[in-house]
Amino acid sequence: MNHRLSGLLIPAAAVVAALLIGALMILALGANPVDGYRELFIGAFGSGDALADTAVRAMPLLLVGVGICVAFRAKVINIGGEGQIIAGALVSTVTVLVVPGLPSLILIPLVLVAGMIGGGFWGAIPGALKAYLSVNEILSTIMLNIVAVQIMNYLLRDPLIDPEEIERGTRIPQTERLSENADLPILLDGTRLHLGVVVAVMAAVVAWAFLWRTTIGFKVRAVGQNPAAAGYAGMPVKRMTLLALTYSGAMCGLAGAVLVFGSQSHRLITDGSSAGFTGSAGFNGIVAALFGGLHPLWTIPSSFLFGGLLVGANAMQRAIQIPSALAVGLNGLVVVFVVSSNRIRDRMRQRSELAAAARALARREAEDEQHTDDIGGKVVA
Amino acid sequence: MLEMRGITKRFPGVLANDHVSFDVRAGEVHTLLGENGAGKSTLMKILFGLYRADEGEILFNGKPLQISSPSAAIAAGIGMIHQHFMLVPILTVTENVALGLSSSGLRPDLADVEDRVRALADEYGLQVDPRAEVWQLAVGERQRVEILKALYREARLLVLDEPTAVLTPQEVDDFFVTLRKLAEDGRGLIFISHKLHEVLALSDRITVLRDGRVTGHTTPAETSRQQLAEMMVGRPVKLAPDKPEVEFGEARLTIHDLSVRGDRDHTAVDGVSFEVRAGEILGIAGVSGNGQRELAEAVAGLRPPDQGSIRLDGVEVAGASPREIRAAGLAYVPEERMRDGAIGAFTVSENLMLLDHDSPAYSRRGWLDLGSLNERAEQLVERFAVKTPSVHTATRSLSGGNIQKVILAREITSGPAVLLAAQPTRGVDIGAAEYIHHQLVEQRGAGTAIVVISEDLDEVLALADRVAVMFEGRIVGVADRADCTPEGLGLLMAGG
């Protein structure tokens with residue numbers, strides 16, 4: 001099979017399989033899966049508003065996913081998206097609190113860069129630990145997620161808390177309404193579609209260009225595929241590992257900034273957990289990236305699909321009265337199917353590669369045969 | 001005693017065996033000769049029950065044989081000595097032999113097994129201590145254990161898959177005496193090898209395979225190395241490259257008193273000194289595991305030396321990084337080509353640009369100039385006759401020989417001062433090996449100082465202007481090519 005085609009078919013089959021099992025779960029809950037899925041689809045993609053919501057929901061997934069693509073290409077597994085989102089949100093929030101009066105044209109790019117610096121720093125820590133001290137990045141990134149949440153909780157309860165909350169004595173852990181100059185502009189009046197969505201798509205294109213069109217991206221991929229050969233070729237293996245996690249963190253940090261300044265409250269709020277702020281984008285983004293074959297451009301439609309699942313699941317929950325946990329379960333099922341289908345796809349790709357090479361060589365040899373027939377004939381005889 | 005008739009086996013996109021017919025008589029050594037991918041292993045895997053043939057039949061002692069698993073093959077009297085030994089290192093020789101035997105009690109009677117192992121060992125000259133634990137044994141001894149295992153199970157037909165690859169020339173001689181004796185006692189032996197002189201020395205009959213088909217049956221008396229090679233490749237080949245006379249220039253690589261530690265922290269290279277001049281090929285012969293790999297890695301900057309000096313065109317590079325050493329003029333074709341030499345998942349074009357993708361000729365301000373990189377890749381593929389569907393094909397789907405050509409193309413294209421090639425044609429088919437040798441000689445003509453590290457004595461003798469022999473981390477002898485004989489070098493390789 002053409003592997004471009006199978007590259008699309010297999011993930012689609014994984015989604016269908018997950019939805020089928022989800023349907024059994026809905027049946028077991030005594031509801032009608034057909035109605036449920038119709039509501040899900042309409043809720044996610046059925047109207048302009050729904051599409052805008054889906055795009056907004058997809059945006060952090062895409063940014064995290066883009067970062068995951070870069071990290072995974074360097075064979076670095078970044079489970080620290082949650083912490084890096086928070087770090088980016090905090091640094092960009094502090095930036096706006098320090099210079100709230102700058103004009104939008106300067107302030108918006110500034111907060112986006114601040115978010116990248118925050119997340120990049122939070123990614124650079126495990127990156128350096130891995131590169132120079134061989135600390136397993138899966139452990140260190142997870143641990144740093146917890147550290148980031150606690151820092152956020154502390155900052156929002158005390159130094160960064162909205163002064164009004166103190167006056168009123170309610171002490172809700174949130175910042176003041178941040179400077180309007182930093183609000184991400186709405187792209188379509190009447191919807192929630194904001195500039196962050198464009199930023200995320202651009203980030204995907206930039207990451208693609210970085211990985212496949214720049215000398216540093218080439219080194220990152222070489223190090224990821226074969227550190228021994230890359231090292232021998234004179235590439236700075238450790239620095240590339242550090243760079244990949246920093247880049248990955250910067251994308252997550254950018255997501256954090258966009259989540260704050262594209263939110264409807266325009267504040268940074270914590271409920272004590274990381275998911276309360278991030279909506280678990282740091283983890284769901286990994287799923288979106290895997291579903292997109294760890295390719296930044298394929299992660300765009302993939303994130304849109306998962307954003308749709310999240311938005312649509314809410315609609316389904318309202319319509320057929322099933323617990324929202326089912327939506328989380330559905331996501332989990334898709335992950336399981338996608339990850340296992342990735343293996344099948346890799347195997348099919350490898351097989352079709354080998355077969356194609358064998359065919360091409362057979363053709364060439366058939367051409368050569370004419371020159372060598374006389375020798376071959378003599379020997380066999 | 002064995003007859004395989006019209007065996008056909010298809011894999012997706014490949015016809016691995018195409019109506020292969022072949023037979024073995026009791027008392028003879030029958031060689032299966034062919035390049036990688038010619039279908040030898042597939043045929044043997046069918047015989048041993050690991051694959052099932054799509055067509056054809058197998059007769060064993062005149063009766064049709066249905067083999068569904070290796071244990072069925074063993075029960076039928078077929079023994080296979082794999083290239084990679086199947087032994088448990090922490091068990092003794094006797095225990096390894098007893099492993100997998102059915103026994104009546106909970107414990108097999110090891111004393112009986114031991115007596116029988118001793119008797120077999122004496123009978124066939126397979127000296128090995130039955131009580132030694134396998135991890136203590138040298139490679140040659142382990143191989144004897146494998147053969148004893150098969151003999152203990154009363155194998156009448158023995159398949160030996162590249163058995164000489166791990167042996168020194170002297171060990172090979174002894175080994176062949178054993179094999180002849182095994183055959184004289186009425187066993188049939190299938191010998192798989194691509195070392196042509198061994199094939200001629202040992203075989204009674206030879207069957208040559210190419211692209212899954214039998215291209216000829218012959219005997220050593222009627223053929224020659226040259227003819228066998230042509231049957232394997234299907235066209236005329238040059239086994240030894242033509243080497244024009246050249247004037248050697250100044251020393252370009254000078255190594256003095258170099259010591260390097262190995263992975264187990266032992267001294268792997270022990271006070272080695274040599275120099276290689278412009279236009280000269282120094283061949284380093286030796287059984288692998290005598291420090292060659294560590295020597296190569298130290299020169300390439302992948303392993304820090306303990307002491308000593310390495311000079312490239314007069315510049316001291318001992319302990320420098322691979323990048324610095326490359327900049328000083330070294331090119332390196334590593335022994336483990338898929339680990340150190342190439343990135344399997346990368347395209348041919350990407351592998352060709354590993355070294356110089358960020359040079360000003362191929363990039364601008366950090367952006368790759370893919371147009372000129374691909375154009376250069378096309379040229380190199382053409383010039384080095386790399387058989388690949390395109391420069392955008394994943395490198396891992398090429399054959400070993402073509403991957404090696406890609407690596408060589410990349411390394412040579414920079415016009416290096418010194419080229420260090422470790423096992424440049426191991427596992428590579430004859431056609432590609434011929435081409436690689438030709439390229440090395442060309443590069444010699446361009447004034448590069450070349451070091452070829454090889455276990456293959458024929459290769460060293462064909463290429464080298466001077467030969468050094470490594471044994472236990474030292475260079476135990478250096479001589480001009482003209483003064484070398486295979487026998488003399490073989491003695492040195494064995495430490496004598």
# chains A, B, ... in the order shown; residues from 1 in each chain; ligands from 1
$ interface_residues --of "chain B" --to "chain A" --cutoff "9 Å" --atoms "only C-alpha atoms" --output "VMD selection string"
chain B and resid 12 to 14 214 to 217 227 230 to 231 234 to 236 300 to 302 321 to 324 326 337 to 346 350 354 to 355 357 to 358 363 365 to 370 387 to 389 393 to 394 396 to 398
$ write_last_selection --atoms "N, CA and C atoms" --output "compact mmCIF listing (two decimals), in the first residue's frame"
# COMPACT_ATOMS: atom_id res chain seq x y z
N PRO B 12 7.36 -10.86 0.58
CA PRO B 12 6.76 -9.72 -0.13
C PRO B 12 7.80 -8.98 -0.97
N GLY B 13 7.60 -8.96 -2.26
CA GLY B 13 8.48 -8.21 -3.14
C GLY B 13 9.77 -8.92 -3.51
N VAL B 14 10.05 -10.05 -2.91
CA VAL B 14 11.32 -10.74 -3.17
C VAL B 14 11.08 -12.24 -3.35
N VAL B 214 20.03 -21.16 -8.40
CA VAL B 214 21.31 -21.86 -8.52
C VAL B 214 21.95 -21.43 -9.82
N THR B 215 23.17 -20.89 -9.73
CA THR B 215 23.82 -20.47 -10.97
C THR B 215 24.90 -21.47 -11.39
N GLY B 216 25.13 -22.49 -10.58
CA GLY B 216 26.09 -23.49 -11.03
C GLY B 216 26.42 -24.50 -9.96
N HIS B 217 26.73 -25.73 -10.41
CA HIS B 217 27.28 -26.74 -9.53
C HIS B 217 28.68 -27.01 -10.05
N GLN B 227 36.70 -17.88 -11.04
CA GLN B 227 35.48 -18.38 -11.65
C GLN B 227 34.33 -18.40 -10.65
N GLU B 230 32.95 -15.01 -10.16
CA GLU B 230 32.11 -14.59 -11.29
C GLU B 230 30.75 -15.26 -11.26
N MET B 231 30.72 -16.52 -10.80
CA MET B 231 29.43 -17.19 -10.67
C MET B 231 28.57 -16.52 -9.60
N GLY B 234 27.94 -12.83 -11.22
CA GLY B 234 27.27 -12.82 -12.51
C GLY B 234 27.94 -11.93 -13.53
N ARG B 235 29.18 -11.56 -13.31
CA ARG B 235 29.94 -10.77 -14.27
C ARG B 235 31.42 -10.90 -13.92
N PRO B 236 32.31 -10.51 -14.81
CA PRO B 236 33.73 -10.63 -14.47
C PRO B 236 34.07 -9.72 -13.29
N ALA B 300 39.99 8.27 15.77
CA ALA B 300 38.86 9.07 15.31
C ALA B 300 38.33 10.03 16.37
N GLY B 301 38.86 9.93 17.61
CA GLY B 301 38.42 10.86 18.65
C GLY B 301 37.22 10.37 19.43
N LEU B 302 36.83 9.12 19.24
CA LEU B 302 35.65 8.61 19.92
C LEU B 302 36.01 7.97 21.26
N SER B 321 38.43 16.32 19.89
CA SER B 321 37.07 15.87 19.59
C SER B 321 37.01 15.38 18.14
N PRO B 322 36.01 14.56 17.82
CA PRO B 322 35.88 14.08 16.45
C PRO B 322 35.87 15.24 15.44
N ARG B 323 35.23 16.33 15.83
CA ARG B 323 35.12 17.45 14.92
C ARG B 323 36.49 18.05 14.62
N GLU B 324 37.29 18.21 15.69
CA GLU B 324 38.62 18.77 15.50
C GLU B 324 39.50 17.84 14.66
N ARG B 326 38.52 15.64 12.44
CA ARG B 326 38.08 15.74 11.05
C ARG B 326 38.66 16.98 10.38
N ARG B 337 29.03 -0.11 10.74
CA ARG B 337 28.60 0.97 9.85
C ARG B 337 27.21 1.47 10.18
N MET B 338 26.32 0.60 10.69
CA MET B 338 24.97 1.09 10.98
C MET B 338 24.91 1.80 12.32
N ARG B 339 25.92 1.60 13.17
CA ARG B 339 25.89 2.30 14.45
C ARG B 339 26.60 3.64 14.36
N ASP B 340 27.81 3.62 13.78
CA ASP B 340 28.63 4.82 13.80
C ASP B 340 28.70 5.53 12.46
N GLY B 341 28.42 4.81 11.39
CA GLY B 341 28.71 5.38 10.08
C GLY B 341 27.54 6.03 9.40
N ALA B 342 26.35 5.51 9.62
CA ALA B 342 25.21 6.01 8.88
C ALA B 342 23.99 6.05 9.78
N ILE B 343 23.01 6.85 9.40
CA ILE B 343 21.75 6.93 10.13
C ILE B 343 20.71 6.24 9.28
N GLY B 344 20.26 5.08 9.74
CA GLY B 344 19.40 4.23 8.92
C GLY B 344 18.13 4.89 8.45
N ALA B 345 17.52 5.68 9.33
CA ALA B 345 16.22 6.27 8.97
C ALA B 345 16.39 7.48 8.05
N PHE B 346 17.61 7.99 7.94
CA PHE B 346 17.82 9.15 7.08
C PHE B 346 17.91 8.70 5.63
N GLU B 350 20.60 12.64 2.95
CA GLU B 350 20.88 13.17 4.29
C GLU B 350 22.15 12.56 4.88
N LEU B 354 25.91 14.54 6.18
CA LEU B 354 26.11 14.59 7.62
C LEU B 354 27.29 15.47 8.02
N LEU B 355 28.35 15.43 7.24
CA LEU B 355 29.57 16.11 7.65
C LEU B 355 29.60 17.57 7.27
N HIS B 357 26.95 19.63 5.93
CA HIS B 357 25.71 20.36 5.64
C HIS B 357 25.79 21.81 6.05
N ASP B 358 26.69 22.14 7.02
CA ASP B 358 26.74 23.55 7.40
C ASP B 358 27.94 24.29 6.82
N SER B 363 24.95 25.75 2.68
CA SER B 363 23.98 26.38 3.55
C SER B 363 24.22 27.88 3.54
N ARG B 365 23.35 31.09 6.13
CA ARG B 365 22.83 31.61 7.40
C ARG B 365 21.98 30.59 8.13
N GLY B 366 22.45 29.36 8.19
CA GLY B 366 21.74 28.36 8.96
C GLY B 366 20.65 27.64 8.18
N TRP B 367 20.37 28.08 6.95
CA TRP B 367 19.37 27.37 6.15
C TRP B 367 20.07 26.43 5.19
N LEU B 368 19.56 25.20 5.13
CA LEU B 368 20.14 24.22 4.22
C LEU B 368 19.83 24.60 2.78
N ASP B 369 20.82 24.44 1.93
CA ASP B 369 20.58 24.63 0.50
C ASP B 369 20.28 23.25 -0.09
N LEU B 370 19.02 22.85 0.04
CA LEU B 370 18.67 21.47 -0.33
C LEU B 370 18.90 21.20 -1.81
N LYS B 387 23.74 1.59 -5.62
CA LYS B 387 22.47 1.11 -6.16
C LYS B 387 21.35 1.53 -5.22
N THR B 388 20.61 2.54 -5.60
CA THR B 388 19.50 2.99 -4.78
C THR B 388 18.43 3.53 -5.71
N PRO B 389 17.15 3.31 -5.37
CA PRO B 389 16.09 3.84 -6.22
C PRO B 389 16.19 5.35 -6.40
N THR B 393 15.74 7.73 -0.83
CA THR B 393 15.40 6.45 -0.23
C THR B 393 16.01 6.35 1.16
N ALA B 394 15.28 5.74 2.10
CA ALA B 394 15.84 5.54 3.44
C ALA B 394 17.06 4.63 3.32
N ARG B 396 18.53 2.65 5.34
CA ARG B 396 18.50 1.29 5.91
C ARG B 396 17.91 0.27 4.94
N SER B 397 17.22 0.72 3.90
CA SER B 397 16.67 -0.27 2.98
C SER B 397 17.67 -0.67 1.90
N LEU B 398 18.86 -0.08 1.91
CA LEU B 398 19.90 -0.50 0.95
C LEU B 398 20.65 -1.72 1.49
$ residues_around --residues "B:Val428" --least-positions-apart "4" --cutoff "7 Å" --atoms "only C-alpha atoms" --output "list of chain:residue names"
B:Gly400, B:Gly401, B:Ala432, B:Ala433
$ residues_around --residues "B:Glu146" --least-positions-apart "2" --cutoff "12 Å" --atoms "only C-alpha atoms" --output "PyMOL selection string"
chain B and resi 79-88+93-94+96-99+117+121+126+128+134+139-144+148-153+155+158-161+163
$ write_last_selection --atoms "N, CA and C atoms" --output "mmCIF file, in the first residue's frame"
data_model
loop_
_atom_site.group_PDB
_atom_site.id
_atom_site.type_symbol
_atom_site.label_atom_id
_atom_site.label_comp_id
_atom_site.auth_asym_id
_atom_site.auth_seq_id
_atom_site.Cartn_x
_atom_site.Cartn_y
_atom_site.Cartn_z
ATOM 1 N N GLY B 79 21.820 -31.152 12.245
ATOM 2 C CA GLY B 79 22.394 -30.255 13.244
ATOM 3 C C GLY B 79 22.823 -28.965 12.578
ATOM 4 N N MET B 80 22.584 -27.855 13.248
ATOM 5 C CA MET B 80 22.947 -26.561 12.656
ATOM 6 C C MET B 80 23.905 -25.849 13.603
ATOM 7 N N ILE B 81 25.047 -25.410 13.061
ATOM 8 C CA ILE B 81 25.976 -24.607 13.850
ATOM 9 C C ILE B 81 25.804 -23.177 13.367
ATOM 10 N N HIS B 82 25.143 -22.372 14.194
ATOM 11 C CA HIS B 82 24.850 -21.004 13.788
ATOM 12 C C HIS B 82 26.095 -20.146 13.868
ATOM 13 N N GLN B 83 26.041 -19.061 13.105
ATOM 14 C CA GLN B 83 27.145 -18.118 13.122
ATOM 15 C C GLN B 83 27.269 -17.493 14.510
ATOM 16 N N HIS B 84 26.126 -17.194 15.112
ATOM 17 C CA HIS B 84 26.127 -16.665 16.473
ATOM 18 C C HIS B 84 25.784 -17.817 17.387
ATOM 19 N N PHE B 85 26.674 -18.109 18.321
ATOM 20 C CA PHE B 85 26.533 -19.319 19.112
ATOM 21 C C PHE B 85 25.314 -19.247 20.002
ATOM 22 N N MET B 86 24.722 -20.421 20.208
ATOM 23 C CA MET B 86 23.532 -20.527 21.037
ATOM 24 C C MET B 86 23.908 -21.281 22.302
ATOM 25 N N LEU B 87 24.718 -20.648 23.150
ATOM 26 C CA LEU B 87 25.191 -21.304 24.364
ATOM 27 C C LEU B 87 24.838 -20.454 25.568
ATOM 28 N N VAL B 88 24.710 -21.109 26.720
ATOM 29 C CA VAL B 88 24.455 -20.376 27.960
ATOM 30 C C VAL B 88 25.790 -20.168 28.663
ATOM 31 N N VAL B 93 30.334 -26.787 29.843
ATOM 32 C CA VAL B 93 30.233 -27.381 28.517
ATOM 33 C C VAL B 93 29.252 -28.546 28.548
ATOM 34 N N THR B 94 29.418 -29.427 29.543
ATOM 35 C CA THR B 94 28.540 -30.594 29.645
ATOM 36 C C THR B 94 27.089 -30.168 29.807
ATOM 37 N N ASN B 96 25.701 -27.422 28.870
ATOM 38 C CA ASN B 96 25.209 -26.886 27.615
ATOM 39 C C ASN B 96 24.830 -27.994 26.645
ATOM 40 N N VAL B 97 25.639 -29.035 26.633
ATOM 41 C CA VAL B 97 25.317 -30.148 25.736
ATOM 42 C C VAL B 97 24.026 -30.819 26.196
ATOM 43 N N ALA B 98 23.873 -30.953 27.512
ATOM 44 C CA ALA B 98 22.708 -31.650 28.044
ATOM 45 C C ALA B 98 21.434 -30.824 27.923
ATOM 46 N N LEU B 99 21.595 -29.544 27.766
ATOM 47 C CA LEU B 99 20.451 -28.629 27.749
ATOM 48 C C LEU B 99 19.457 -29.018 26.645
ATOM 49 N N VAL B 117 30.774 -36.733 25.935
ATOM 50 C CA VAL B 117 31.364 -35.519 25.377
ATOM 51 C C VAL B 117 32.871 -35.689 25.232
ATOM 52 N N ALA B 121 34.918 -35.643 21.812
ATOM 53 C CA ALA B 121 35.962 -34.641 21.659
ATOM 54 C C ALA B 121 37.274 -35.288 21.234
ATOM 55 N N LEU B 126 38.154 -32.308 18.948
ATOM 56 C CA LEU B 126 37.436 -31.101 19.375
ATOM 57 C C LEU B 126 37.781 -30.823 20.836
ATOM 58 N N VAL B 128 38.190 -29.646 24.324
ATOM 59 C CA VAL B 128 37.575 -28.663 25.197
ATOM 60 C C VAL B 128 37.297 -29.349 26.522
ATOM 61 N N VAL B 134 31.192 -22.004 29.975
ATOM 62 C CA VAL B 134 31.340 -21.515 28.600
ATOM 63 C C VAL B 134 31.918 -20.103 28.538
ATOM 64 N N VAL B 139 36.619 -18.133 21.615
ATOM 65 C CA VAL B 139 35.592 -18.275 20.590
ATOM 66 C C VAL B 139 35.708 -19.620 19.876
ATOM 67 N N GLY B 140 36.947 -20.007 19.538
ATOM 68 C CA GLY B 140 37.147 -21.253 18.814
ATOM 69 C C GLY B 140 36.642 -22.444 19.621
ATOM 70 N N GLU B 141 36.856 -22.384 20.953
ATOM 71 C CA GLU B 141 36.397 -23.476 21.817
ATOM 72 C C GLU B 141 34.872 -23.515 21.883
ATOM 73 N N ARG B 142 34.269 -22.349 21.916
ATOM 74 C CA ARG B 142 32.801 -22.319 21.955
ATOM 75 C C ARG B 142 32.219 -22.981 20.716
ATOM 76 N N GLN B 143 32.906 -22.734 19.612
ATOM 77 C CA GLN B 143 32.427 -23.336 18.382
ATOM 78 C C GLN B 143 32.483 -24.863 18.481
ATOM 79 N N ARG B 144 33.555 -25.374 19.116
ATOM 80 C CA ARG B 144 33.650 -26.821 19.281
ATOM 81 C C ARG B 144 32.503 -27.340 20.129
ATOM 82 N N LEU B 148 29.957 -30.249 19.264
ATOM 83 C CA LEU B 148 29.735 -31.382 20.170
ATOM 84 C C LEU B 148 28.256 -31.548 20.491
ATOM 85 N N LYS B 149 27.581 -30.437 20.655
ATOM 86 C CA LYS B 149 26.140 -30.494 20.923
ATOM 87 C C LYS B 149 25.433 -31.259 19.804
ATOM 88 N N ALA B 150 25.780 -30.884 18.570
ATOM 89 C CA ALA B 150 25.123 -31.525 17.429
ATOM 90 C C ALA B 150 25.499 -32.999 17.350
ATOM 91 N N LEU B 151 26.788 -33.306 17.591
ATOM 92 C CA LEU B 151 27.226 -34.698 17.499
ATOM 93 C C LEU B 151 26.565 -35.533 18.589
ATOM 94 N N TYR B 152 26.431 -34.962 19.779
ATOM 95 C CA TYR B 152 25.807 -35.680 20.887
ATOM 96 C C TYR B 152 24.386 -36.090 20.511
ATOM 97 N N ARG B 153 23.741 -35.225 19.746
ATOM 98 C CA ARG B 153 22.374 -35.524 19.314
ATOM 99 C C ARG B 153 22.356 -36.390 18.063
ATOM 100 N N ALA B 155 23.669 -36.060 15.075
ATOM 101 C CA ALA B 155 23.346 -35.422 13.803
ATOM 102 C C ALA B 155 24.094 -36.143 12.686
ATOM 103 N N LEU B 158 25.233 -31.999 9.047
ATOM 104 C CA LEU B 158 25.619 -30.808 9.799
ATOM 105 C C LEU B 158 25.628 -29.596 8.875
ATOM 106 N N VAL B 159 24.967 -28.538 9.330
ATOM 107 C CA VAL B 159 24.991 -27.288 8.568
ATOM 108 C C VAL B 159 25.890 -26.314 9.323
ATOM 109 N N LEU B 160 26.907 -25.802 8.664
ATOM 110 C CA LEU B 160 27.854 -24.899 9.322
ATOM 111 C C LEU B 160 27.770 -23.540 8.641
ATOM 112 N N ASP B 161 27.196 -22.561 9.364
ATOM 113 C CA ASP B 161 26.958 -21.242 8.782
ATOM 114 C C ASP B 161 28.154 -20.332 9.068
ATOM 115 N N PRO B 163 31.361 -20.766 9.567
ATOM 116 C CA PRO B 163 32.006 -21.149 10.831
ATOM 117 C C PRO B 163 33.404 -20.566 10.992
#
$ atom_distance --atom1 "atom CA of B:Arg205" --atom2 "atom CA of B:Val24"
8.9 Å
$ select_by_dssp --residues "stretch 62-161 of chain B" --states "strand (DSSP E or B)" --output "PyMOL selection string"
chain B and resi 63-64+78-81+92+133+157-161
$ residues_around --residues "B:Arg25" --least-positions-apart "5" --cutoff "9 Å" --atoms "only C-alpha atoms" --output "list in words"
Met1, Leu2, Glu3, His30, Gly186, Arg187, Gly188 and Leu189 of chain B
$ residues_around --residues "stretch 445-461 of chain B" --least-positions-apart "3" --cutoff "8 Å" --atoms "only C-alpha atoms" --output "PyMOL selection string"
chain B and resi 244+246+249+251-253+276-288+292+415-424+440-442+464+467+481+486
$ residues_around --residues "A:His194" --least-positions-apart "5" --cutoff "7 Å" --atoms "only C-alpha atoms" --output "ChimeraX atom specification"
/A:184-187,262
$ residues_around --residues "B:Ala482" --least-positions-apart "2" --cutoff "9 Å" --atoms "only C-alpha atoms" --output "list in words"
Asp465, Arg466, Ala479, Asp480, Cys484 and Thr485 of chain B
$ write_last_selection --atoms "N, CA, C and O atoms" --output "PDB file, in the first residue's frame"
ATOM      1  N   ASP B 465      50.347  -1.792   1.132  1.00  0.00           N
ATOM      2  CA  ASP B 465      51.741  -1.644   0.742  1.00  0.00           C
ATOM      3  C   ASP B 465      52.646  -2.151   1.863  1.00  0.00           C
ATOM      4  O   ASP B 465      53.728  -2.648   1.623  1.00  0.00           O
ATOM      5  N   ARG B 466      52.157  -1.941   3.103  1.00  0.00           N
ATOM      6  CA  ARG B 466      52.836  -2.507   4.259  1.00  0.00           C
ATOM      7  C   ARG B 466      51.793  -3.164   5.133  1.00  0.00           C
ATOM      8  O   ARG B 466      50.635  -2.730   5.162  1.00  0.00           O
ATOM      9  N   ALA B 479      55.730  -5.435   8.108  1.00  0.00           N
ATOM     10  CA  ALA B 479      56.588  -5.826   6.997  1.00  0.00           C
ATOM     11  C   ALA B 479      56.054  -5.244   5.703  1.00  0.00           C
ATOM     12  O   ALA B 479      54.860  -4.924   5.608  1.00  0.00           O
ATOM     13  N   ASP B 480      56.923  -5.076   4.723  1.00  0.00           N
ATOM     14  CA  ASP B 480      56.455  -4.678   3.404  1.00  0.00           C
ATOM     15  C   ASP B 480      55.620  -5.805   2.819  1.00  0.00           C
ATOM     16  O   ASP B 480      55.867  -6.978   3.084  1.00  0.00           O
ATOM     17  N   CYS B 484      55.542 -10.502   2.764  1.00  0.00           N
ATOM     18  CA  CYS B 484      54.536 -11.181   3.580  1.00  0.00           C
ATOM     19  C   CYS B 484      54.032 -12.442   2.900  1.00  0.00           C
ATOM     20  O   CYS B 484      53.828 -12.465   1.688  1.00  0.00           O
ATOM     21  N   THR B 485      53.796 -13.473   3.725  1.00  0.00           N
ATOM     22  CA  THR B 485      53.081 -14.641   3.230  1.00  0.00           C
ATOM     23  C   THR B 485      51.890 -14.850   4.147  1.00  0.00           C
ATOM     24  O   THR B 485      51.940 -14.475   5.323  1.00  0.00           O
TER      25      THR B 485
END
$ closest_residue --among "A:Ile117, A:Ala89, A:Leu305, A:Val335" --to "A:Arg267" --atoms "only C-alpha atoms"
A:Ala89
